[in-house]
Each structure stands twice: as C-alpha cells, then as structure tokens.
>>> print(open('query38.pdb').read())   # PDB, C-alpha atoms, pLDDT in the B column
ATOM      1  CA  MET A   1     -21.464  61.089  -5.894  1.00 45.00           C
ATOM      2  CA  ALA A   2     -24.458  62.963  -4.452  1.00 50.00           C
ATOM      3  CA  ASP A   3     -26.845  61.669  -7.101  1.00 61.00           C
ATOM      4  CA  SER A   4     -25.229  58.290  -7.754  1.00 85.00           C
ATOM      5  CA  LYS A   5     -25.257  54.996  -5.927  1.00 93.00           C
ATOM      6  CA  PRO A   6     -23.039  54.885  -2.811  1.00 98.00           C
ATOM      7  CA  ARG A   7     -19.727  53.089  -3.263  1.00 98.00           C
ATOM      8  CA  LEU A   8     -17.772  51.150  -0.649  1.00 98.00           C
ATOM      9  CA  THR A   9     -14.039  50.637  -1.128  1.00 98.00           C
ATOM     10  CA  TYR A  10     -12.069  47.979   0.755  1.00 97.00           C
ATOM     11  CA  THR A  11     -10.463  44.597   0.141  1.00 96.00           C
ATOM     12  CA  ALA A  12     -12.598  41.621  -0.928  1.00 96.00           C
ATOM     13  CA  GLY A  13     -12.873  40.172   2.563  1.00 93.00           C
ATOM     14  CA  ARG A  14     -14.189  40.860   6.038  1.00 93.00           C
ATOM     15  CA  GLY A  15     -11.823  43.135   7.926  1.00 90.00           C
ATOM     16  CA  LEU A  16     -12.916  46.637   8.901  1.00 92.00           C
ATOM     17  CA  ALA A  17     -15.547  46.806   6.150  1.00 96.00           C
ATOM     18  CA  SER A  18     -17.506  43.805   7.423  1.00 96.00           C
ATOM     19  CA  VAL A  19     -19.533  45.843   9.920  1.00 97.00           C
ATOM     20  CA  VAL A  20     -20.152  48.518   7.267  1.00 98.00           C
ATOM     21  CA  ARG A  21     -21.574  45.963   4.824  1.00 98.00           C
ATOM     22  CA  ILE A  22     -23.841  44.573   7.540  1.00 98.00           C
ATOM     23  CA  ALA A  23     -25.054  48.065   8.458  1.00 98.00           C
ATOM     24  CA  LEU A  24     -25.784  48.903   4.817  1.00 98.00           C
ATOM     25  CA  ALA A  25     -27.788  45.688   4.478  1.00 97.00           C
ATOM     26  CA  ALA A  26     -29.724  46.393   7.677  1.00 97.00           C
ATOM     27  CA  ALA A  27     -30.437  49.960   6.548  1.00 97.00           C
ATOM     28  CA  LYS A  28     -31.502  48.664   3.109  1.00 96.00           C
ATOM     29  CA  ILE A  29     -29.083  50.973   1.312  1.00 97.00           C
ATOM     30  CA  GLU A  30     -27.993  49.789  -2.131  1.00 96.00           C
ATOM     31  CA  TYR A  31     -24.364  50.402  -3.022  1.00 97.00           C
ATOM     32  CA  GLU A  32     -21.505  49.410  -5.303  1.00 97.00           C
ATOM     33  CA  ASP A  33     -18.270  47.684  -4.328  1.00 97.00           C
ATOM     34  CA  ALA A  34     -14.738  48.702  -5.242  1.00 97.00           C
ATOM     35  CA  TYR A  35     -12.108  46.191  -4.158  1.00 97.00           C
ATOM     36  CA  LEU A  36      -8.449  46.894  -3.464  1.00 97.00           C
ATOM     37  CA  THR A  37      -6.319  43.963  -4.588  1.00 96.00           C
ATOM     38  CA  THR A  38      -2.843  45.482  -4.911  1.00 97.00           C
ATOM     39  CA  ARG A  39      -0.690  48.115  -3.246  1.00 97.00           C
ATOM     40  CA  GLU A  40      -0.995  50.180  -6.417  1.00 97.00           C
ATOM     41  CA  ASP A  41      -4.795  50.225  -6.058  1.00 97.00           C
ATOM     42  CA  PHE A  42      -4.450  51.679  -2.579  1.00 97.00           C
ATOM     43  CA  LEU A  43      -1.845  54.276  -3.582  1.00 97.00           C
ATOM     44  CA  LYS A  44      -4.016  55.447  -6.491  1.00 97.00           C
ATOM     45  CA  LEU A  45      -6.951  55.855  -4.113  1.00 97.00           C
ATOM     46  CA  ILE A  46      -4.805  57.928  -1.748  1.00 97.00           C
ATOM     47  CA  GLU A  47      -3.857  60.186  -4.669  1.00 97.00           C
ATOM     48  CA  THR A  48      -7.537  61.060  -5.225  1.00 97.00           C
ATOM     49  CA  GLY A  49      -7.583  62.903  -1.906  1.00 97.00           C
ATOM     50  CA  LYS A  50     -10.696  61.035  -0.755  1.00 97.00           C
ATOM     51  CA  LEU A  51      -8.988  59.430   2.259  1.00 97.00           C
ATOM     52  CA  MET A  52      -8.646  62.009   5.016  1.00 96.00           C
ATOM     53  CA  PHE A  53      -6.139  59.943   6.984  1.00 95.00           C
ATOM     54  CA  LYS A  54      -5.066  57.620   4.162  1.00 95.00           C
ATOM     55  CA  GLN A  55      -7.187  54.791   5.517  1.00 95.00           C
ATOM     56  CA  VAL A  56     -10.076  52.610   4.423  1.00 97.00           C
ATOM     57  CA  PRO A  57     -12.861  51.555   4.352  1.00 97.00           C
ATOM     58  CA  LEU A  58     -14.171  54.452   2.316  1.00 98.00           C
ATOM     59  CA  LEU A  59     -17.886  54.987   1.779  1.00 98.00           C
ATOM     60  CA  GLU A  60     -18.832  57.562  -0.841  1.00 98.00           C
ATOM     61  CA  ILE A  61     -22.399  58.541  -0.025  1.00 98.00           C
ATOM     62  CA  ASP A  62     -24.571  61.664  -0.146  1.00 97.00           C
ATOM     63  CA  GLY A  63     -21.710  63.629  -1.657  1.00 96.00           C
ATOM     64  CA  LYS A  64     -19.424  62.740   1.241  1.00 97.00           C
ATOM     65  CA  ASN A  65     -16.225  60.690   1.513  1.00 98.00           C
ATOM     66  CA  LEU A  66     -16.591  58.854   4.809  1.00 98.00           C
ATOM     67  CA  ILE A  67     -13.693  56.947   6.361  1.00 97.00           C
ATOM     68  CA  GLY A  68     -13.332  54.927   9.553  1.00 94.00           C
ATOM     69  CA  SER A  69     -15.682  52.008  10.072  1.00 95.00           C
ATOM     70  CA  ASP A  70     -17.086  53.370  13.348  1.00 95.00           C
ATOM     71  CA  CYS A  71     -17.983  56.732  11.795  1.00 96.00           C
ATOM     72  CA  ILE A  72     -19.381  55.118   8.662  1.00 98.00           C
ATOM     73  CA  VAL A  73     -21.553  52.679  10.598  1.00 98.00           C
ATOM     74  CA  ARG A  74     -22.938  55.449  12.795  1.00 97.00           C
ATOM     75  CA  TYR A  75     -23.824  57.531   9.725  1.00 98.00           C
ATOM     76  CA  VAL A  76     -25.474  54.573   7.984  1.00 98.00           C
ATOM     77  CA  CYS A  77     -27.413  53.580  11.093  1.00 98.00           C
ATOM     78  CA  LYS A  78     -28.702  57.109  11.630  1.00 97.00           C
ATOM     79  CA  LYS A  79     -29.754  57.227   7.997  1.00 97.00           C
ATOM     80  CA  GLY A  80     -31.483  53.850   8.367  1.00 97.00           C
ATOM     81  CA  GLY A  81     -33.266  54.624  11.658  1.00 97.00           C
ATOM     82  CA  LEU A  82     -31.181  52.118  13.617  1.00 98.00           C
ATOM     83  CA  MET A  83     -30.204  54.323  16.554  1.00 98.00           C
ATOM     84  CA  GLY A  84     -33.127  53.602  18.857  1.00 96.00           C
ATOM     85  CA  LYS A  85     -36.484  55.193  19.465  1.00 95.00           C
ATOM     86  CA  THR A  86     -35.560  57.449  22.388  1.00 97.00           C
ATOM     87  CA  ALA A  87     -32.552  59.380  23.669  1.00 97.00           C
ATOM     88  CA  ASP A  88     -32.152  56.801  26.418  1.00 97.00           C
ATOM     89  CA  GLU A  89     -32.044  53.968  23.893  1.00 98.00           C
ATOM     90  CA  GLU A  90     -29.549  55.857  21.752  1.00 97.00           C
ATOM     91  CA  ILE A  91     -27.007  56.257  24.551  1.00 98.00           C
ATOM     92  CA  LYS A  92     -27.394  52.577  25.476  1.00 98.00           C
ATOM     93  CA  ILE A  93     -26.816  51.675  21.834  1.00 98.00           C
ATOM     94  CA  GLU A  94     -23.659  53.804  21.804  1.00 97.00           C
ATOM     95  CA  MET A  95     -22.303  52.106  24.949  1.00 97.00           C
ATOM     96  CA  MET A  96     -23.122  48.598  23.741  1.00 97.00           C
ATOM     97  CA  SER A  97     -21.505  49.378  20.403  1.00 97.00           C
ATOM     98  CA  MET A  98     -18.384  50.669  22.115  1.00 96.00           C
ATOM     99  CA  GLY A  99     -18.073  47.474  24.150  1.00 96.00           C
ATOM    100  CA  ALA A 100     -18.602  45.297  21.100  1.00 95.00           C
ATOM    101  CA  ARG A 101     -15.971  47.206  19.143  1.00 93.00           C
ATOM    102  CA  ASP A 102     -13.523  46.975  22.056  1.00 92.00           C
ATOM    103  CA  MET A 103     -14.080  43.217  22.172  1.00 90.00           C
ATOM    104  CA  LEU A 104     -13.286  43.073  18.459  1.00 83.00           C
ATOM    105  CA  LYS A 105     -10.000  44.880  19.090  1.00 78.00           C
ATOM    106  CA  ALA A 106      -9.020  42.565  21.946  1.00 69.00           C
ATOM    107  CA  GLY A 107      -6.747  40.436  19.770  1.00 58.00           C
ATOM    108  CA  PHE A 108      -8.546  37.389  18.390  1.00 59.00           C
ATOM    109  CA  VAL A 109      -9.343  39.192  15.131  1.00 64.00           C
ATOM    110  CA  MET A 110      -5.889  40.373  14.076  1.00 64.00           C
ATOM    111  CA  HIS A 111      -3.857  37.451  15.369  1.00 64.00           C
ATOM    112  CA  ARG A 112      -3.231  36.129  11.847  1.00 64.00           C
ATOM    113  CA  TYR A 113      -1.643  39.400  10.825  1.00 61.00           C
ATOM    114  CA  VAL A 114       1.145  39.374  13.443  1.00 65.00           C
ATOM    115  CA  GLU A 115       4.384  37.405  13.464  1.00 69.00           C
ATOM    116  CA  PRO A 116       3.736  33.618  13.444  1.00 71.00           C
ATOM    117  CA  GLU A 117       5.418  33.115  16.826  1.00 68.00           C
ATOM    118  CA  LYS A 118       3.046  35.664  18.417  1.00 72.00           C
ATOM    119  CA  GLN A 119      -0.198  34.514  16.814  1.00 72.00           C
ATOM    120  CA  ASP A 120      -1.326  32.019  19.456  1.00 76.00           C
ATOM    121  CA  GLN A 121      -0.516  34.404  22.303  1.00 77.00           C
ATOM    122  CA  GLU A 122      -2.489  37.169  20.592  1.00 74.00           C
ATOM    123  CA  LEU A 123      -5.427  34.832  19.951  1.00 78.00           C
ATOM    124  CA  GLN A 124      -5.596  33.402  23.457  1.00 79.00           C
ATOM    125  CA  GLY A 125      -5.240  36.811  25.066  1.00 80.00           C
ATOM    126  CA  GLY A 126      -8.103  38.175  22.989  1.00 81.00           C
ATOM    127  CA  LEU A 127     -10.348  35.215  23.728  1.00 86.00           C
ATOM    128  CA  LYS A 128      -9.655  35.556  27.445  1.00 88.00           C
ATOM    129  CA  GLU A 129     -10.690  39.215  27.299  1.00 88.00           C
ATOM    130  CA  ALA A 130     -13.879  38.315  25.425  1.00 90.00           C
ATOM    131  CA  ARG A 131     -14.696  35.449  27.788  1.00 91.00           C
ATOM    132  CA  GLU A 132     -14.100  37.321  31.038  1.00 92.00           C
ATOM    133  CA  ARG A 133     -14.846  40.961  30.258  1.00 94.00           C
ATOM    134  CA  TYR A 134     -17.216  41.355  27.327  1.00 95.00           C
ATOM    135  CA  LEU A 135     -19.368  38.278  26.654  1.00 96.00           C
ATOM    136  CA  PRO A 136     -20.773  38.178  30.226  1.00 97.00           C
ATOM    137  CA  VAL A 137     -22.109  41.730  29.783  1.00 97.00           C
ATOM    138  CA  PHE A 138     -23.778  40.925  26.469  1.00 98.00           C
ATOM    139  CA  GLU A 139     -25.179  37.679  27.893  1.00 98.00           C
ATOM    140  CA  LYS A 140     -26.758  39.554  30.818  1.00 98.00           C
ATOM    141  CA  THR A 141     -28.077  42.318  28.572  1.00 98.00           C
ATOM    142  CA  LEU A 142     -29.762  39.832  26.241  1.00 98.00           C
ATOM    143  CA  THR A 143     -31.168  37.925  29.239  1.00 97.00           C
ATOM    144  CA  ASP A 144     -32.609  41.068  30.805  1.00 97.00           C
ATOM    145  CA  ASN A 145     -33.985  42.582  27.598  1.00 95.00           C
ATOM    146  CA  ARG A 146     -35.746  39.416  26.363  1.00 92.00           C
ATOM    147  CA  SER A 147     -36.553  40.870  22.938  1.00 96.00           C
ATOM    148  CA  GLY A 148     -33.658  39.150  21.195  1.00 95.00           C
ATOM    149  CA  PHE A 149     -32.031  42.536  20.661  1.00 98.00           C
ATOM    150  CA  LEU A 150     -29.534  44.345  22.844  1.00 98.00           C
ATOM    151  CA  VAL A 151     -31.519  47.560  23.213  1.00 98.00           C
ATOM    152  CA  GLY A 152     -35.262  48.034  22.962  1.00 96.00           C
ATOM    153  CA  ASP A 153     -37.418  45.821  20.801  1.00 96.00           C
ATOM    154  CA  SER A 154     -35.876  46.328  17.364  1.00 96.00           C
ATOM    155  CA  LEU A 155     -32.623  46.042  15.467  1.00 98.00           C
ATOM    156  CA  SER A 156     -30.041  48.732  16.192  1.00 98.00           C
ATOM    157  CA  MET A 157     -26.414  49.658  15.646  1.00 98.00           C
ATOM    158  CA  ALA A 158     -25.558  47.834  18.881  1.00 98.00           C
ATOM    159  CA  ASP A 159     -26.748  44.532  17.415  1.00 98.00           C
ATOM    160  CA  ILE A 160     -24.851  45.142  14.186  1.00 98.00           C
ATOM    161  CA  VAL A 161     -21.536  45.890  15.877  1.00 97.00           C
ATOM    162  CA  PHE A 162     -21.922  43.042  18.375  1.00 97.00           C
ATOM    163  CA  TYR A 163     -22.765  40.569  15.619  1.00 97.00           C
ATOM    164  CA  ASP A 164     -19.715  41.638  13.636  1.00 95.00           C
ATOM    165  CA  SER A 165     -17.556  40.878  16.676  1.00 93.00           C
ATOM    166  CA  VAL A 166     -19.136  37.681  17.981  1.00 95.00           C
ATOM    167  CA  SER A 167     -19.549  36.104  14.531  1.00 93.00           C
ATOM    168  CA  ILE A 168     -15.776  35.945  14.221  1.00 90.00           C
ATOM    169  CA  ILE A 169     -15.893  33.477  17.112  1.00 90.00           C
ATOM    170  CA  SER A 170     -19.019  31.617  15.986  1.00 93.00           C
ATOM    171  CA  ASP A 171     -17.874  31.209  12.372  1.00 91.00           C
ATOM    172  CA  ASP A 172     -14.581  29.546  13.315  1.00 87.00           C
ATOM    173  CA  PRO A 173     -15.052  25.867  14.270  1.00 87.00           C
ATOM    174  CA  ALA A 174     -11.970  26.060  16.480  1.00 83.00           C
ATOM    175  CA  LEU A 175     -13.337  29.030  18.440  1.00 87.00           C
ATOM    176  CA  GLU A 176     -17.091  28.396  18.487  1.00 91.00           C
ATOM    177  CA  LYS A 177     -16.843  26.405  21.725  1.00 92.00           C
ATOM    178  CA  GLU A 178     -16.085  29.711  23.472  1.00 90.00           C
ATOM    179  CA  LEU A 179     -19.828  30.432  23.286  1.00 94.00           C
ATOM    180  CA  ALA A 180     -20.822  27.297  25.218  1.00 94.00           C
ATOM    181  CA  ASN A 181     -21.326  29.293  28.417  1.00 94.00           C
ATOM    182  CA  PHE A 182     -23.146  32.109  26.663  1.00 97.00           C
ATOM    183  CA  PRO A 183     -26.376  30.619  25.287  1.00 97.00           C
ATOM    184  CA  LYS A 184     -28.114  33.982  24.840  1.00 97.00           C
ATOM    185  CA  CYS A 185     -25.230  35.233  22.733  1.00 97.00           C
ATOM    186  CA  ARG A 186     -25.339  32.081  20.653  1.00 96.00           C
ATOM    187  CA  ALA A 187     -29.112  32.436  20.170  1.00 96.00           C
ATOM    188  CA  PHE A 188     -28.654  36.102  19.289  1.00 97.00           C
ATOM    189  CA  ILE A 189     -26.536  35.158  16.285  1.00 97.00           C
ATOM    190  CA  GLU A 190     -29.319  33.138  14.668  1.00 96.00           C
ATOM    191  CA  HIS A 191     -31.936  35.749  15.586  1.00 97.00           C
ATOM    192  CA  PHE A 192     -29.829  38.486  14.005  1.00 98.00           C
ATOM    193  CA  ARG A 193     -29.240  36.516  10.813  1.00 97.00           C
ATOM    194  CA  SER A 194     -32.993  36.067  10.323  1.00 96.00           C
ATOM    195  CA  GLN A 195     -33.830  39.789  10.282  1.00 95.00           C
ATOM    196  CA  PRO A 196     -35.211  41.409   7.102  1.00 91.00           C
ATOM    197  CA  GLY A 197     -32.410  42.482   4.811  1.00 92.00           C
ATOM    198  CA  LEU A 198     -29.866  40.541   6.797  1.00 96.00           C
ATOM    199  CA  LYS A 199     -31.179  37.108   5.878  1.00 95.00           C
ATOM    200  CA  GLU A 200     -30.531  37.947   2.232  1.00 95.00           C
ATOM    201  CA  PHE A 201     -27.140  39.443   3.036  1.00 96.00           C
ATOM    202  CA  MET A 202     -26.028  36.335   4.908  1.00 96.00           C
ATOM    203  CA  ALA A 203     -26.727  34.189   1.844  1.00 95.00           C
ATOM    204  CA  GLY A 204     -25.077  36.601  -0.580  1.00 95.00           C
ATOM    205  CA  PRO A 205     -21.547  37.146  -1.911  1.00 95.00           C
ATOM    206  CA  ARG A 206     -20.831  40.166   0.291  1.00 96.00           C
ATOM    207  CA  ASN A 207     -20.950  38.009   3.430  1.00 95.00           C
ATOM    208  CA  PHE A 208     -17.344  36.916   3.122  1.00 94.00           C
ATOM    209  CA  PRO A 209     -16.091  33.774   4.895  1.00 91.00           C
ATOM    210  CA  PRO A 210     -13.256  33.888   7.438  1.00 88.00           C
ATOM    211  CA  PRO A 211     -10.067  34.943   5.633  1.00 87.00           C
ATOM    212  CA  SER A 212      -8.015  32.314   3.865  1.00 87.00           C
ATOM    213  CA  ASP A 213      -4.218  32.298   3.973  1.00 86.00           C
ATOM    214  CA  GLU A 214      -4.237  33.734   0.465  1.00 93.00           C
ATOM    215  CA  HIS A 215      -6.464  36.628   1.464  1.00 91.00           C
ATOM    216  CA  VAL A 216      -4.305  37.377   4.519  1.00 89.00           C
ATOM    217  CA  GLN A 217      -1.280  37.662   2.226  1.00 91.00           C
ATOM    218  CA  GLU A 218      -3.193  39.884  -0.184  1.00 94.00           C
ATOM    219  CA  VAL A 219      -4.217  42.238   2.628  1.00 91.00           C
ATOM    220  CA  LYS A 220      -0.663  42.378   3.920  1.00 91.00           C
ATOM    221  CA  GLY A 221       0.492  43.353   0.441  1.00 94.00           C
ATOM    222  CA  VAL A 222      -2.108  46.085  -0.004  1.00 95.00           C
ATOM    223  CA  PHE A 223      -1.445  47.730   3.357  1.00 93.00           C
ATOM    224  CA  LEU A 224       2.259  46.761   3.759  1.00 90.00           C
ATOM    225  CA  ILE A 225       1.665  44.777   6.934  1.00 84.00           C
ATOM    226  CA  PRO A 226       4.967  43.062   7.878  1.00 77.00           C
TER
END
>>> encode(input="query38.pdb", output="structure tokens")
Amino acid sequence: MADSKPRLTYTAGRGLASVVRIALAAAKIEYEDAYLTTREDFLKLIETGKLMFKQVPLLEIDGKNLIGSDCIVRYVCKKGGLMGKTADEEIKIEMMSMGARDMLKAGFVMHRYVEPEKQDQELQGGLKEARERYLPVFEKTLTDNRSGFLVGDSLSMADIVFYDSVSIISDDPALEKELANFPKCRAFIEHFRSQPGLKEFMAGPRNFPPPSDEHVQEVKGVFLIP
C-alpha cells in the first residue's frame, strides 16, 4: 500500500468513519473506499490480519494499517498540517478534540442501535449531557476566539472532530432546536462547511445523510449488534 492510493474500509454510512472522511477531505488526501455490507465482508477482512483489534474503520496509508477513528484522524491531521501552528495550539486542539469526541459518545449518536424501549432514554440523556456540559464550552471558545475556528486562526483537528459531533444534532430536524441557545456553534457549522476541500466534500457522495432504518439494520448485521 505504500505506493498506492490510501484505502478506507467501513460501512457505507456515517458512523465512526465519518470524522475520518472529513479529516481526509480537509487534508486534501485522495483515497479509495471499501464498503462492508455483510458479516462475511467483515470476517474476511479480519482474516487478512489488518485489524489489530478486529475493529474498523481501517485506513491503509503509507504502508500502514491504521485502526481506531481517533488514531486515524490524528495521523491524517498531522500529515495535513491541521494540528496548529505552535505547541500551545496543539495541546488546545487535543483538549477540544477530546471534549468533542466525549460529547459524541454521550448517547445521542448510538441511541438507534440499542433496544427500542431504551432509545428515547439514551437520546435524551445524551442531549442533556451535550446541552449542559459540552456545548457551553464550545460556545464560549468560539465567542472568545472570534476567528470562526476553535483554536487559532485556521482549520484544525479540533474543528473537524467538533463538526462531526455537532452535525449529528444540526442535521436532524428533530434535534436541531437544541442549538437555539448556542448561536456561535450554529454559525460554526456553516463556516466549517465553506472551507476549501470541505465545501466539495459536503456536496459529494461521501457526505452520507443520517442513517436510515435500512442502514441501521445493515450495520447491526455486519457487526452483530443485538
């Protein structure tokens, strides 16, 4: 793979690969897609030995088999010069990214993959966490920084990871009202989407819509989610 185009393997939907696709677009790295559609696809990939912990997404790049969306995004952002201009900016980017990823894990993302009777509880609990713990910090950071970005005056990994999280709220008509009290966060979304490389990505086929019921069932089948 060292001399060939990078290849990203995941299902044909958002999920854990969404932030990787955004990072690749921001870093202007061309790559190929490989989509898992069945359990057999996933088992065959495991048999290749490319998945260290039998998990995806997998990015084959520079002769490496990278797994784990956080690790992949960090590698891509370093390669694309998206980790800040100073050591101080880099550590701020790391902390902002951590908070954004924690917000993503709060519950409103995976609620459709749990038992039907628990879905609303999972959703509301995650939104409460976002509303009370995470979004106020990002709102204040964007207010104080004034550049439209979370750290410094240019696009960074922090913006990429935050966008991946907050867009799940903004792209769902039933959830978008959660941003009413966070105007800077809402403005950030449009600012982010207009950046070079990202504007094209947003209009392209790799910017998957929120998952349909059919896609949720496909993902459950691939990864044996009950």
>>> residues_near_point(input="query38.pdb", point="(-28.0, 46.6, 11.3)", cutoff="8 Å", atoms="all atoms listed in the file", output="number ranges by chain")
A: 22-27, 77, 82, 155-157, 159-161, 198
>>> atom_distance(input="query38.pdb", atom1="CA of Ile93 (chain A)", atom2="CA of Ala158 (chain A)")
5.0 Å
>>> residues_around(input="query38.pdb", residues="region 132-144 of chain A", least_positions_apart="5", cutoff="10 Å", atoms="all atoms listed in the file", output="list in words")
Met96, Gly99, Ala100, Asp102, Met103, Leu104, Ala106, Leu127, Phe149, Leu150, Val151, Phe162, Val166, Glu178, Leu179, Asn181, Phe182, Pro183, Lys184, Cys185, Arg186, Ala187 and Phe188 of chain A
>>> atom_distance(input="query38.pdb", atom1="CA of Gly148 (chain A)", atom2="CA of His191 (chain A)")
6.8 Å
>>> residues_around(input="query38.pdb", residues="region 15-19 of chain A", least_positions_apart="5", cutoff="12 Å", atoms="all atoms listed in the file", output="ChimeraX atom specification")
/A:8-10,24-26,33-36,55-59,67-74,76-77,97,100-101,104-105,109-110,112-113,157-168,201-202,206-211,215-216,219-220
>>> atom_distance(input="query38.pdb", atom1="CA of Lys54 (chain A)", atom2="CA of Pro205 (chain A)")
27.0 Å
>>> axis_aligned_box(input="query38.pdb", around="region 146-165 of chain A", padding_each_side="6 Å", output="JSON")
{"center_x": -27.5, "center_y": 44.4, "center_z": 20.0, "size_x": 31.9, "size_y": 22.5, "size_z": 24.7}
>>> residues_near_point(input="query38.pdb", point="(-22.3, 51.4, 0.2)", cutoff="8 Å", atoms="all atoms listed in the file", output="CSV table (one decimal) with C-alpha atoms, in the frame of the given file")
chain,number,residue,atom,x,y,z
A,5,LYS,CA,-25.3,55.0,-5.9
A,6,PRO,CA,-23.0,54.9,-2.8
A,7,ARG,CA,-19.7,53.1,-3.3
A,8,LEU,CA,-17.8,51.2,-0.6
A,20,VAL,CA,-20.2,48.5,7.3
A,21,ARG,CA,-21.6,46.0,4.8
A,24,LEU,CA,-25.8,48.9,4.8
A,29,ILE,CA,-29.1,51.0,1.3
A,30,GLU,CA,-28.0,49.8,-2.1
A,31,TYR,CA,-24.4,50.4,-3.0
A,32,GLU,CA,-21.5,49.4,-5.3
A,33,ASP,CA,-18.3,47.7,-4.3
A,59,LEU,CA,-17.9,55.0,1.8
A,60,GLU,CA,-18.8,57.6,-0.8
A,61,ILE,CA,-22.4,58.5,0.0
>>> closest_residue(input="query38.pdb", among="A:Glu200, A:Glu176, A:Glu47, A:Asp153", to="Arg131 (chain A)", atoms="only C-alpha atoms")
A:Glu176
